[in-house]
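Chemist: See start-v8.tsv below, with TSV, C-alpha atoms.
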chain	number	residue	atom	x	y	z
A	5	MET	CA	-16.51	-50.88	-25.85
A	6	THR	CA	-18.71	-49.02	-23.48
A	7	SER	CA	-21.24	-50.47	-21.15
A	8	SER	CA	-23.97	-48.96	-19.06
A	9	ASN	CA	-25.25	-49.56	-15.60
A	10	GLN	CA	-28.35	-47.72	-14.36
A	11	GLY	CA	-27.89	-45.11	-17.07
A	12	GLY	CA	-24.23	-44.44	-16.21
A	13	LYS	CA	-21.26	-44.91	-18.56
A	14	TYR	CA	-18.23	-46.91	-17.45
A	15	LEU	CA	-14.69	-47.63	-18.59
A	16	LYS	CA	-13.38	-51.15	-18.44
A	17	GLN	CA	-10.07	-52.74	-19.33
A	18	GLY	CA	-9.92	-52.97	-23.11
A	19	ASP	CA	-12.19	-49.99	-23.78
A	20	ALA	CA	-11.19	-48.20	-26.96
A	21	LYS	CA	-12.88	-44.84	-26.39
A	22	CYS	CA	-11.69	-42.41	-23.76
A	23	PRO	CA	-12.56	-38.78	-22.86
A	24	THR	CA	-10.83	-36.19	-25.02
A	25	GLY	CA	-8.12	-33.94	-23.63
A	26	ARG	CA	-4.51	-34.67	-22.88
A	27	PHE	CA	-4.85	-35.10	-19.13
A	28	ALA	CA	-8.17	-36.94	-19.39
A	29	GLY	CA	-6.67	-39.27	-21.97
A	30	PHE	CA	-3.70	-40.02	-19.71
A	31	LEU	CA	-6.04	-40.59	-16.80
A	32	CYS	CA	-8.15	-42.90	-18.93
A	33	PHE	CA	-5.07	-44.91	-19.94
A	34	TRP	CA	-3.87	-45.10	-16.35
A	35	LEU	CA	-7.26	-46.25	-15.11
A	36	THR	CA	-7.69	-48.87	-17.85
A	37	LYS	CA	-4.16	-50.04	-18.63
A	38	ALA	CA	-1.51	-49.07	-16.13
A	39	SER	CA	-3.20	-48.68	-12.77
A	40	PRO	CA	-3.45	-51.30	-10.07
A	41	PHE	CA	-7.21	-50.95	-10.43
A	42	GLN	CA	-7.42	-52.72	-13.80
A	43	GLY	CA	-10.78	-54.29	-14.32
A	44	VAL	CA	-12.48	-51.90	-11.92
A	45	HIS	CA	-15.50	-50.13	-13.39
A	46	VAL	CA	-15.03	-46.31	-13.28
A	47	PRO	CA	-17.99	-44.07	-14.19
A	48	LEU	CA	-17.12	-41.45	-16.77
A	49	GLN	CA	-18.92	-38.79	-14.78
A	50	SER	CA	-16.61	-39.48	-11.82
A	51	ILE	CA	-13.43	-38.68	-13.78
A	52	PRO	CA	-13.61	-34.88	-13.04
A	53	ILE	CA	-13.80	-35.72	-9.34
A	54	VAL	CA	-10.77	-37.99	-9.62
A	55	MET	CA	-8.89	-35.29	-11.53
A	56	PHE	CA	-9.74	-32.75	-8.85
A	57	LEU	CA	-8.57	-35.06	-6.07
A	58	LEU	CA	-5.30	-35.75	-7.89
A	59	ALA	CA	-4.72	-32.01	-8.43
A	60	LEU	CA	-5.57	-31.27	-4.80
A	61	GLY	CA	-3.15	-33.92	-3.62
A	62	ALA	CA	-0.40	-32.58	-5.85
A	63	ALA	CA	-0.99	-29.04	-4.57
A	64	CYS	CA	-0.91	-30.15	-0.93
A	65	THR	CA	2.28	-32.11	-1.53
A	66	THR	CA	3.91	-29.10	-3.17
A	67	ILE	CA	2.91	-26.76	-0.33
A	68	VAL	CA	4.19	-29.15	2.33
A	69	GLY	CA	7.43	-29.63	0.42
A	70	LEU	CA	8.01	-25.90	0.09
A	71	TRP	CA	7.29	-25.40	3.78
A	72	VAL	CA	9.79	-28.11	4.72
A	73	LEU	CA	12.46	-26.56	2.52
A	74	ALA	CA	11.78	-23.08	3.92
A	75	SER	CA	11.88	-24.32	7.49
A	76	ARG	CA	15.26	-25.94	6.89
A	77	ALA	CA	16.75	-22.73	5.47
A	78	LYS	CA	18.17	-21.15	8.60
A	79	PRO	CA	19.31	-17.51	8.59
A	80	LYS	CA	22.96	-16.73	9.22
A	81	LEU	CA	22.01	-14.81	12.37
A	82	PRO	CA	19.05	-15.46	14.67
A	83	TYR	CA	15.91	-13.36	14.33
A	84	PRO	CA	14.68	-11.23	17.24
A	85	PRO	CA	12.26	-12.92	19.67
A	86	GLY	CA	8.62	-13.17	18.72
A	87	PRO	CA	5.46	-15.27	18.94
A	88	LYS	CA	5.67	-18.83	17.70
A	89	GLY	CA	3.63	-19.37	14.56
A	90	LEU	CA	1.86	-22.27	12.89
A	91	PRO	CA	3.36	-24.16	9.94
A	92	PHE	CA	3.01	-22.23	6.66
A	93	ILE	CA	0.37	-19.86	8.14
A	94	GLY	CA	2.79	-18.35	10.64
A	95	ASN	CA	1.24	-15.66	12.85
A	96	ALA	CA	-1.62	-14.77	10.51
A	97	PHE	CA	-4.26	-15.68	13.10
A	98	ASP	CA	-2.49	-13.96	15.99
A	99	ILE	CA	-3.60	-10.45	15.01
A	100	GLY	CA	-6.30	-9.41	17.45
A	101	PRO	CA	-9.67	-7.91	16.47
A	102	GLN	CA	-8.51	-4.44	17.51
A	103	GLY	CA	-5.95	-4.36	14.72
A	104	LEU	CA	-2.22	-4.46	14.12
A	105	GLN	CA	-1.18	-1.60	16.38
A	106	HIS	CA	-2.78	-3.14	19.49
A	107	THR	CA	-1.34	-6.58	18.78
A	108	TYR	CA	2.15	-5.15	18.18
A	109	ALA	CA	1.94	-3.16	21.42
A	110	GLN	CA	1.03	-6.31	23.35
A	111	TRP	CA	3.90	-8.24	21.76
A	112	SER	CA	6.35	-5.49	22.77
A	113	LYS	CA	5.44	-6.06	26.42
A	114	ILE	CA	6.33	-9.73	26.03
A	115	TYR	CA	9.25	-9.78	23.57
A	116	GLY	CA	10.75	-6.28	23.76
A	117	ASP	CA	11.17	-3.30	21.42
A	118	ILE	CA	12.06	-5.43	18.39
A	119	VAL	CA	9.76	-8.34	17.53
A	120	TYR	CA	9.97	-10.93	14.76
A	121	THR	CA	6.87	-12.44	13.16
A	122	ARG	CA	6.17	-14.41	10.00
A	123	THR	CA	2.97	-14.60	7.95
A	124	PHE	CA	2.57	-16.94	4.97
A	125	GLY	CA	6.32	-16.96	4.42
A	126	GLN	CA	6.73	-13.18	4.79
A	127	ASP	CA	9.23	-12.17	7.48
A	128	VAL	CA	8.30	-9.02	9.41
A	129	ILE	CA	10.42	-7.11	11.92
A	130	ILE	CA	8.37	-4.84	14.21
A	131	VAL	CA	10.04	-1.86	15.93
A	132	ASN	CA	7.95	-0.82	18.91
A	133	SER	CA	9.74	2.26	20.27
A	134	GLU	CA	10.71	5.62	18.84
A	135	LYS	CA	14.16	5.44	20.42
A	136	THR	CA	14.98	2.12	18.76
A	137	ALA	CA	13.51	3.28	15.44
A	138	ARG	CA	15.75	6.36	15.46
A	139	ILE	CA	18.81	4.27	16.28
A	140	LEU	CA	18.13	1.95	13.35
A	141	ALA	CA	16.84	4.45	10.79
A	142	ASN	CA	19.18	7.36	11.59
A	143	GLY	CA	22.19	5.84	13.27
A	144	ARG	CA	22.40	2.85	10.90
A	145	SER	CA	20.78	4.30	7.80
A	146	GLU	CA	23.33	2.72	5.44
A	147	ILE	CA	22.01	-0.68	6.49
A	148	TYR	CA	18.30	-0.05	6.98
A	149	SER	CA	17.34	2.88	4.74
A	150	ASP	CA	16.58	0.86	1.61
A	151	ARG	CA	13.10	-0.43	0.82
A	152	TYR	CA	11.83	-3.96	0.66
A	153	SER	CA	11.43	-5.23	-2.91
A	154	SER	CA	8.44	-7.43	-3.65
A	155	PRO	CA	6.76	-8.70	-6.85
A	156	ILE	CA	3.48	-7.90	-5.12
A	157	TYR	CA	3.97	-4.21	-5.95
A	158	LYS	CA	3.64	-5.08	-9.64
A	159	ASP	CA	0.38	-6.88	-8.88
A	160	PHE	CA	-0.85	-3.70	-7.19
A	161	GLY	CA	0.30	-1.55	-10.11
A	162	THR	CA	2.47	0.63	-7.85
A	163	TYR	CA	5.92	-0.82	-8.57
A	164	ARG	CA	7.26	2.42	-10.16
A	165	MET	CA	5.96	4.79	-7.53
A	166	THR	CA	8.62	6.42	-5.41
A	167	PHE	CA	7.58	5.03	-2.05
A	168	VAL	CA	8.32	1.43	-3.12
A	169	LEU	CA	11.44	2.03	-5.23
A	170	GLU	CA	14.75	0.61	-4.13
A	171	TYR	CA	17.75	2.93	-4.10
A	172	GLY	CA	18.94	3.20	-7.68
A	173	LYS	CA	18.76	5.12	-10.95
A	174	GLU	CA	14.98	5.55	-11.07
A	175	TRP	CA	14.81	6.59	-7.41
A	176	LYS	CA	17.48	9.24	-8.07
A	177	THR	CA	15.49	10.50	-11.07
A	178	HIS	CA	12.37	10.89	-8.92
A	179	ARG	CA	14.32	12.75	-6.27
A	180	ARG	CA	15.72	15.14	-8.86
A	181	LEU	CA	12.21	15.81	-10.20
A	182	PHE	CA	10.84	16.49	-6.71
A	183	ASN	CA	13.68	18.91	-6.10
A	184	LEU	CA	12.34	21.12	-8.90
A	185	SER	CA	9.18	21.94	-6.90
A	186	LEU	CA	9.78	20.99	-3.28
A	187	ARG	CA	13.14	22.42	-2.31
A	188	ASN	CA	13.24	25.10	0.39
A	189	ASP	CA	13.74	28.10	-1.88
A	190	VAL	CA	10.69	27.39	-4.08
A	191	VAL	CA	8.01	25.88	-1.82
A	192	GLY	CA	6.90	29.39	-0.85
A	193	LYS	CA	5.21	29.61	-4.28
A	194	TYR	CA	2.54	27.30	-2.94
A	195	ASN	CA	1.66	29.36	0.15
A	196	ASP	CA	-1.58	30.66	-1.35
A	197	LEU	CA	-2.59	27.13	-2.31
A	198	HIS	CA	-2.12	25.97	1.29
A	199	LEU	CA	-4.03	28.93	2.71
A	200	ASN	CA	-6.97	28.49	0.33
A	201	HIS	CA	-7.37	24.86	1.29
A	202	ALA	CA	-6.95	25.62	5.00
A	203	HIS	CA	-9.74	28.19	4.78
A	204	GLN	CA	-11.93	25.70	2.91
A	205	LEU	CA	-11.30	23.07	5.58
A	206	SER	CA	-12.29	25.52	8.32
A	207	GLU	CA	-15.46	26.44	6.45
A	208	ASN	CA	-16.39	22.79	5.90
A	209	ILE	CA	-15.96	21.99	9.59
A	210	LEU	CA	-18.03	25.01	10.66
A	211	CYS	CA	-20.83	24.03	8.29
A	212	ASP	CA	-20.78	20.33	9.17
A	213	SER	CA	-18.77	19.33	12.23
A	214	THR	CA	-20.22	15.81	12.37
A	215	ASN	CA	-18.21	14.66	9.34
A	216	PHE	CA	-14.91	15.99	10.57
A	217	PHE	CA	-12.78	13.05	9.38
A	218	GLU	CA	-14.29	13.26	5.91
A	219	HIS	CA	-13.40	16.97	5.71
A	220	VAL	CA	-9.81	16.29	6.78
A	221	ASP	CA	-9.42	13.49	4.21
A	222	LEU	CA	-10.77	15.79	1.50
A	223	TYR	CA	-8.38	18.57	2.54
A	224	ALA	CA	-5.33	16.27	2.48
A	225	GLY	CA	-6.22	14.78	-0.89
A	226	ALA	CA	-7.33	17.99	-2.60
A	227	ILE	CA	-4.24	19.96	-1.66
A	228	ILE	CA	-1.90	17.28	-3.05
A	229	ILE	CA	-3.88	16.86	-6.27
A	230	GLU	CA	-3.71	20.60	-6.94
A	231	LEU	CA	-0.02	20.65	-6.02
A	232	MET	CA	0.70	17.82	-8.45
A	233	TYR	CA	-1.61	18.53	-11.37
A	234	GLY	CA	-2.86	22.11	-10.92
A	235	ARG	CA	-6.39	20.73	-10.67
A	236	ARG	CA	-8.82	22.32	-8.21
A	237	VAL	CA	-10.87	19.70	-6.35
A	238	GLU	CA	-14.31	21.04	-5.56
A	239	GLY	CA	-15.62	18.19	-3.43
A	240	LYS	CA	-15.45	14.51	-2.54
A	241	ASP	CA	-17.25	13.55	-5.77
A	242	ASP	CA	-14.48	14.98	-7.94
A	243	PRO	CA	-13.38	12.12	-10.29
A	244	ALA	CA	-9.66	12.54	-9.63
A	245	PHE	CA	-10.12	12.65	-5.86
A	246	ALA	CA	-12.54	9.70	-5.83
A	247	MET	CA	-10.20	7.58	-7.95
A	248	ALA	CA	-7.08	8.41	-5.93
A	249	SER	CA	-8.73	8.03	-2.55
A	250	GLY	CA	-10.27	4.72	-3.63
A	251	LEU	CA	-6.86	3.34	-4.56
A	252	ALA	CA	-5.33	4.67	-1.34
A	253	GLU	CA	-8.04	2.93	0.69
A	254	ILE	CA	-7.41	-0.41	-1.05
A	255	LEU	CA	-3.65	-0.21	-0.53
A	256	SER	CA	-3.88	0.92	3.09
A	257	ARG	CA	-6.11	-2.07	3.78
A	258	GLU	CA	-4.17	-4.69	1.81
A	259	GLU	CA	-0.54	-3.56	1.77
A	260	ILE	CA	0.15	-4.24	5.45
A	261	PRO	CA	2.52	-6.80	6.98
A	262	ASP	CA	-0.07	-9.38	8.04
A	263	ARG	CA	-1.50	-9.48	4.50
A	264	MET	CA	1.64	-9.22	2.40
A	265	GLY	CA	2.51	-12.87	2.91
A	266	LEU	CA	-1.04	-13.96	2.11
A	267	LEU	CA	-0.98	-11.98	-1.14
A	268	LYS	CA	1.99	-14.04	-2.29
A	269	VAL	CA	-0.13	-17.16	-2.45
A	270	MET	CA	-3.51	-15.68	-3.39
A	271	PRO	CA	-4.42	-13.74	-6.53
A	272	PHE	CA	-5.14	-10.05	-6.10
A	273	PRO	CA	-8.14	-8.43	-7.80
A	274	ALA	CA	-7.23	-6.94	-11.17
A	275	HIS	CA	-9.32	-3.83	-10.47
A	276	CYS	CA	-6.53	-2.48	-8.25
A	277	ARG	CA	-4.06	-2.54	-11.15
A	278	LYS	CA	-6.65	-0.91	-13.38
A	279	THR	CA	-7.35	1.84	-10.84
A	280	ALA	CA	-3.61	2.44	-10.35
A	281	ALA	CA	-3.08	2.73	-14.11
A	282	GLU	CA	-5.95	5.21	-14.43
A	283	MET	CA	-4.63	7.28	-11.53
A	284	VAL	CA	-1.20	7.44	-13.18
A	285	ASP	CA	-2.38	8.21	-16.72
A	286	LEU	CA	-5.57	10.27	-16.67
A	287	PRO	CA	-4.68	13.30	-14.46
A	288	PHE	CA	-1.30	13.55	-16.16
A	289	ALA	CA	-2.88	13.53	-19.64
A	290	ILE	CA	-5.31	16.29	-18.64
A	291	ALA	CA	-2.54	18.41	-17.09
A	292	LYS	CA	-0.28	17.97	-20.13
A	293	ASP	CA	-3.10	18.97	-22.47
A	294	GLU	CA	-3.83	22.08	-20.38
A	295	MET	CA	-0.16	23.00	-20.42
A	296	GLU	CA	0.01	22.71	-24.20
A	297	ARG	CA	-3.01	25.04	-24.40
A	298	GLY	CA	-1.38	27.45	-21.94
A	299	VAL	CA	-4.07	27.19	-19.23
A	300	LEU	CA	-2.34	24.96	-16.65
A	301	SER	CA	-1.72	26.54	-13.25
A	302	HIS	CA	1.75	26.30	-11.74
A	303	CYS	CA	2.22	22.80	-10.31
A	304	MET	CA	4.72	19.96	-10.13
A	305	ILE	CA	3.75	18.66	-13.58
A	306	SER	CA	4.43	22.07	-15.15
A	307	ASP	CA	7.85	22.20	-13.48
A	308	ILE	CA	8.72	18.66	-14.60
A	309	LEU	CA	7.56	19.11	-18.19
A	310	LYS	CA	9.46	22.39	-18.49
A	311	HIS	CA	12.68	21.55	-16.67
A	312	GLY	CA	12.68	17.83	-15.80
A	313	GLU	CA	14.23	16.55	-19.04
A	314	VAL	CA	12.54	13.15	-18.67
A	315	GLY	CA	9.95	11.22	-20.62
A	316	ASP	CA	6.27	11.11	-19.77
A	317	SER	CA	6.60	7.66	-18.21
A	318	SER	CA	9.05	8.82	-15.52
A	319	ALA	CA	7.11	12.01	-14.90
A	320	LYS	CA	3.84	10.13	-14.37
A	321	ALA	CA	5.41	7.53	-12.08
A	322	ALA	CA	7.12	10.14	-9.90
A	323	VAL	CA	4.13	12.43	-9.39
A	324	SER	CA	1.40	9.80	-8.98
A	325	GLY	CA	3.03	8.26	-5.92
A	326	LEU	CA	2.89	11.55	-4.00
A	327	TYR	CA	-0.83	11.22	-3.41
A	328	LEU	CA	-0.49	7.79	-1.82
A	329	ALA	CA	2.55	8.88	0.17
A	330	GLY	CA	1.16	12.18	1.44
A	331	THR	CA	-2.59	12.05	1.95
A	332	GLU	CA	-2.89	9.50	4.73
A	333	THR	CA	0.09	10.89	6.65
A	334	THR	CA	-1.24	14.46	6.45
A	335	ALA	CA	-4.75	13.45	7.46
A	336	SER	CA	-3.47	11.27	10.31
A	337	VAL	CA	-1.42	14.13	11.78
A	338	LEU	CA	-4.40	16.51	11.69
A	339	LYS	CA	-6.71	13.94	13.28
A	340	THR	CA	-4.14	13.28	15.99
A	341	VAL	CA	-3.83	17.02	16.74
A	342	VAL	CA	-7.59	17.29	17.14
A	343	LEU	CA	-7.62	14.26	19.43
A	344	VAL	CA	-4.91	15.80	21.59
A	345	MET	CA	-6.82	19.09	21.79
A	346	ILE	CA	-9.95	17.22	22.93
A	347	LEU	CA	-8.12	15.11	25.50
A	348	TYR	CA	-6.13	18.05	26.90
A	349	PRO	CA	-8.39	21.13	26.96
A	350	ASP	CA	-5.81	23.06	29.00
A	351	VAL	CA	-3.34	22.73	26.11
A	352	GLN	CA	-6.04	23.82	23.67
A	353	GLU	CA	-6.67	26.93	25.77
A	354	LYS	CA	-2.96	27.81	25.73
A	355	VAL	CA	-2.81	27.41	21.93
A	356	HIS	CA	-5.85	29.68	21.49
A	357	LEU	CA	-4.30	32.28	23.78
A	358	GLU	CA	-1.06	32.24	21.80
A	359	LEU	CA	-2.93	32.57	18.49
A	360	ASP	CA	-4.96	35.50	19.81
A	361	THR	CA	-1.78	37.16	21.02
A	362	VAL	CA	0.12	36.73	17.73
A	363	VAL	CA	-2.55	37.20	15.03
A	364	GLY	CA	-5.38	38.87	16.93
A	365	ARG	CA	-8.71	37.49	18.08
A	366	GLY	CA	-10.95	36.29	15.25
A	367	THR	CA	-8.19	36.61	12.63
A	368	MET	CA	-7.06	33.71	10.45
A	369	PRO	CA	-3.30	33.14	10.62
A	370	THR	CA	-1.18	33.39	7.48
A	371	PHE	CA	2.39	32.54	6.57
A	372	ALA	CA	3.31	36.15	7.33
A	373	ASP	CA	2.62	35.43	11.01
A	374	LYS	CA	5.23	32.70	11.05
A	375	PRO	CA	8.32	33.79	13.02
A	376	PRO	CA	11.57	34.07	11.07
A	377	PRO	CA	13.98	31.12	11.32
A	378	ARG	CA	16.53	31.28	14.11
A	379	HIS	CA	20.21	31.33	13.24
A	380	ASP	CA	22.68	30.12	15.80
A	381	HIS	CA	25.94	32.06	15.63
A	382	LYS	CA	28.87	30.46	17.36
Here is the file; what I need is its structure written in the form of structure tokens.

Modeler:
Amino acid sequence: MTSSNQGGKYLKQGDAKCPTGRFAGFLCFWLTKASPFQGVHVPLQSIPIVMFLLALGAACTTIVGLWVLASRAKPKLPYPPGPKGLPFIGNAFDIGPQGLQHTYAQWSKIYGDIVYTRTFGQDVIIVNSEKTARILANGRSEIYSDRYSSPIYKDFGTYRMTFVLEYGKEWKTHRRLFNLSLRNDVVGKYNDLHLNHAHQLSENILCDSTNFFEHVDLYAGAIIIELMYGRRVEGKDDPAFAMASGLAEILSREEIPDRMGLLKVMPFPAHCRKTAAEMVDLPFAIAKDEMERGVLSHCMISDILKHGEVGDSSAKAAVSGLYLAGTETTASVLKTVVLVMILYPDVQEKVHLELDTVVGRGTMPTFADKPPPRHDHK
């Protein structure tokens, strides 16, 4: 039976009708037959609230249980010193408003060159000095040269790109493909490409010096896109550049140590995977079509399709990661050089004097002005 009270429906012990649905039916049985609250009137409209509270309690119990298990799992060797974190959250709230680099620098003054931190279950080792980094990366490369493997890369859609691959068969394939276009005896074929983009960068800065960073970002992205796909980027609104730079911006913002742990427990927007898939597929399809029609300029894709002896899937994965790996680093170096020139005008004056001496005043330098390599004969 059902009864009503002030317009509301209730369940009582002995009621025959319950809400449909497996979980709702079980909850109804528990409330009316098996629970210690037999005989208590429960409004039907309150069942969703009860279900939510039960689910919330189960989730909290699971999280606490996982944290307890993780805290009991001690590493074989102690981690380096670092700031003490909160349960489960770790050091997520310890990052200052000025960003990671400032927080890491402050930690180095307290804990030393190597600092350990943990964020949402993600262990992070921070190396705060060039000397220590060289010792670990160069002197102990067999131990530390591999890359961290994470299921998060699949969520981002970047799991087959070279910069996240672990050492193995696919990584070796990518390296072999890069060797077709980037080894020392063939990179000179791209000298004109570099000069054209350098001249365009200079022209853009002269015409609009207020948007200097934007011009540098365009230069770094455009030169890599043309190197990879033979596609000339005419401006920041170019579809390939806009798509690639948009993905790079998302990853540079999200794929950082203090967020990696958080991304393990929170869903990531699907639009990133969609953008990554488009970046991998569309420029490659256009370049392959142009090559079949005989109009594709010399580029990495043309070298790979002619001599790579791999399928389209491997070719796309290898080339697409170059943009993400090369644009931000190139742009950062150029911006740093400009900053140094501004902060140290005496150094800038010496550089100008050397350029005027070598190439002549008012003349743009070319690769022909580069001095020949030195050979040490013992």

Chemist: Which neighbours of Gly86 (chain A) fall inside 7 Å, counting all atoms listed in the file, when residues of the same chain fewer than 6 positions from it are skipped, and could you give them as a ChimeraX atom specification?

Modeler: /A:115,119-121

Chemist: Could the residues in this selection be saved with C-alpha atoms as a PDB file, keeping the file's coordinate frame?

Modeler:
ATOM      1  CA  TYR A 115       9.250  -9.780  23.570  1.00  0.00           C
ATOM      2  CA  VAL A 119       9.760  -8.340  17.530  1.00  0.00           C
ATOM      3  CA  TYR A 120       9.970 -10.930  14.760  1.00  0.00           C
ATOM      4  CA  THR A 121       6.870 -12.440  13.160  1.00  0.00           C
TER       5      THR A 121
END

Chemist: Residues within 8 Å of region 215-220 of chain A, please, as a ChimeraX atom specification. Count only C-alpha atoms; anything in the same chain fewer than 2 positions from it doesn't count.

Modeler: /A:205,208-209,212-213,222-224,335,338-339

Chemist: Can you tell me which residues surround Arg179 (chain A) at a distance of at most 12 Å, considering all atoms listed in the file, apart from same-chain residues fewer than 6 positions away, and format the answer as an MDAnalysis selection string?

Modeler: chainID A and resid 165:167 169 171:173 185:187 308 312 318:319 321:323 326

Chemist: For a test of reading the model, state the distance in Å between CA of Ser133 (chain A) and CA of Asp117 (chain A), rounded to one decimal.

Modeler: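 According to the coordinates, CA of Ser133 (chain A) and CA of Asp117 (chain A) are separated by 5.9 Å.
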
Chemist: CA of Ile305 (chain A) and CA of Ile290 (chain A), how far apart in Å?

Modeler: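 Distance between the two atoms: 10.6 Å.
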
Chemist: Which of these residues is nearest to Ser112 (chain A), using all atoms listed in the file: A:Ala141, A:Ile129, A:Leu286, A:Met295?

Modeler: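 Once distances to Ser112 (chain A) are computed over all atoms listed in the file, the minimum belongs to A:Ile129.
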
Chemist: Which of these, A:His178, A:Ile346, A:Val363, A:Ile228, has the shortest distance to Val314 (chain A) once you count only C-alpha atoms?

Modeler: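 Using only C-alpha atoms, the shortest distance to Val314 (chain A) belongs to A:His178.
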
Chemist: Which distance in Å separates CA of Val190 (chain A) and CA of Leu300 (chain A), to one decimal?

Modeler: 18.3 Å

Chemist: Counting all atoms listed in the file, figure out which residue out of A:Ser301, A:Gln110, A:Thr177, A:Thr123 gets nearest to Lys193 (chain A).

Modeler: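 Selected residue with least distance to Lys193 (chain A): A:Ser301.
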
Chemist: Pick out the closest residue to His311 (chain A) from this set: A:Glu296, A:Thr361, A:Leu181, A:Gln204. Count only C-alpha atoms.

Modeler: A:Leu181

Chemist: Taking into account all atoms listed in the file, which residue in the set A:Leu184, A:Leu251, A:Ala372, A:Ala96 is nearest to Arg277 (chain A)?

Modeler: A:Leu251
